[in-house]
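Engineer: Dropping the structure in here first, questions after.
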Amino acid sequence: MKKLLTLFVVVLCIVGCTKMETNPGTGILSAGSEAGVNVVKSRSAFLVSHPWKYQSYYFHYADQQHKGDPQYVRGATNNILDLDSTLYIFKKNGTFVEYDGGYKYPGTWTFSDNTASLLILDYTYWTDKDSVLVLNNSLCNYTQPLGYHDKTYTELIQAP
């Protein structure tokens, strides 16, 4: 754990010291760009700003118009899963805890690179690699691989 955190800090220091490079034709920022580091900082700040709870959770996600089969929608009476009390708390030190029905699942979190488009949640026995679609102060929407050629879709909202 200490090695991972130390490596993360060293990489951030190296990335922060490199110049910004942009491909003018595509507007894509390079991996060592200052703008990319700012994306990670702002998304990290959103993630740790407050606890998160489920708004909805779907299987078989295709796109925003075809979210898939609802497994949970907050306030619905026919949910397959009960995620009403599930809560995520992310901390600045790169750790998080998922509270789920009396169970506590700790882990570490990081973004895969400075585009902050892949959120990696490393639990004790498994790792979630979530593709971030929206992350702001009140909304965290992401997809996650589910088997071969399939995805889940999750909407988290700010918890009190």
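Following the order of the structure tokens, chains are lettered A, B, ..., residues in each are numbered from 1, and ligands are numbered from 1.
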Near range 115-131 of chain A, counting only C-alpha atoms, which residues have an atom at most 10 Å away, once you skip same-chain residues fewer than 5 positions from it, shown as an MDAnalysis selection string?
Structural biologist: chainID A and resid 28:31 33 35:44 94:98 105:110 141:145 151:154
Engineer: Can you check which residues of range 20-138 of chain A DSSP gives as strand (DSSP E) on the backbone and send them as an MDAnalysis selection string?
Structural biologist: chainID A and resid 22:23 28:29 52:59 69:73 87:90 95:100 103:111 118:123 127:135
Engineer: Would you please extract all alpha helix (DSSP H) residues from range 14-145 of chain A, as assigned by DSSP on the backbone, and give them as a list in words?
Structural biologist: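 Residues of range 14-145 of chain A classed as alpha helix (DSSP H): Ile14, Val15, Gly16, Glu34, Ala35, Gly36, Val37, Asn38, Val39, Val40, Lys41, Ser42, Arg43, Ser44, Ala45, Phe46, Leu47 and Val48 of chain A.
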Engineer: What is the CA of Asn136 in chain A-CA of Ala159 in chain A distance in Å, reported with one decimal?
Structural biologist: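 Atom-to-atom, CA of Asn136 in chain A and CA of Ala159 in chain A are spaced 13.5 Å apart.
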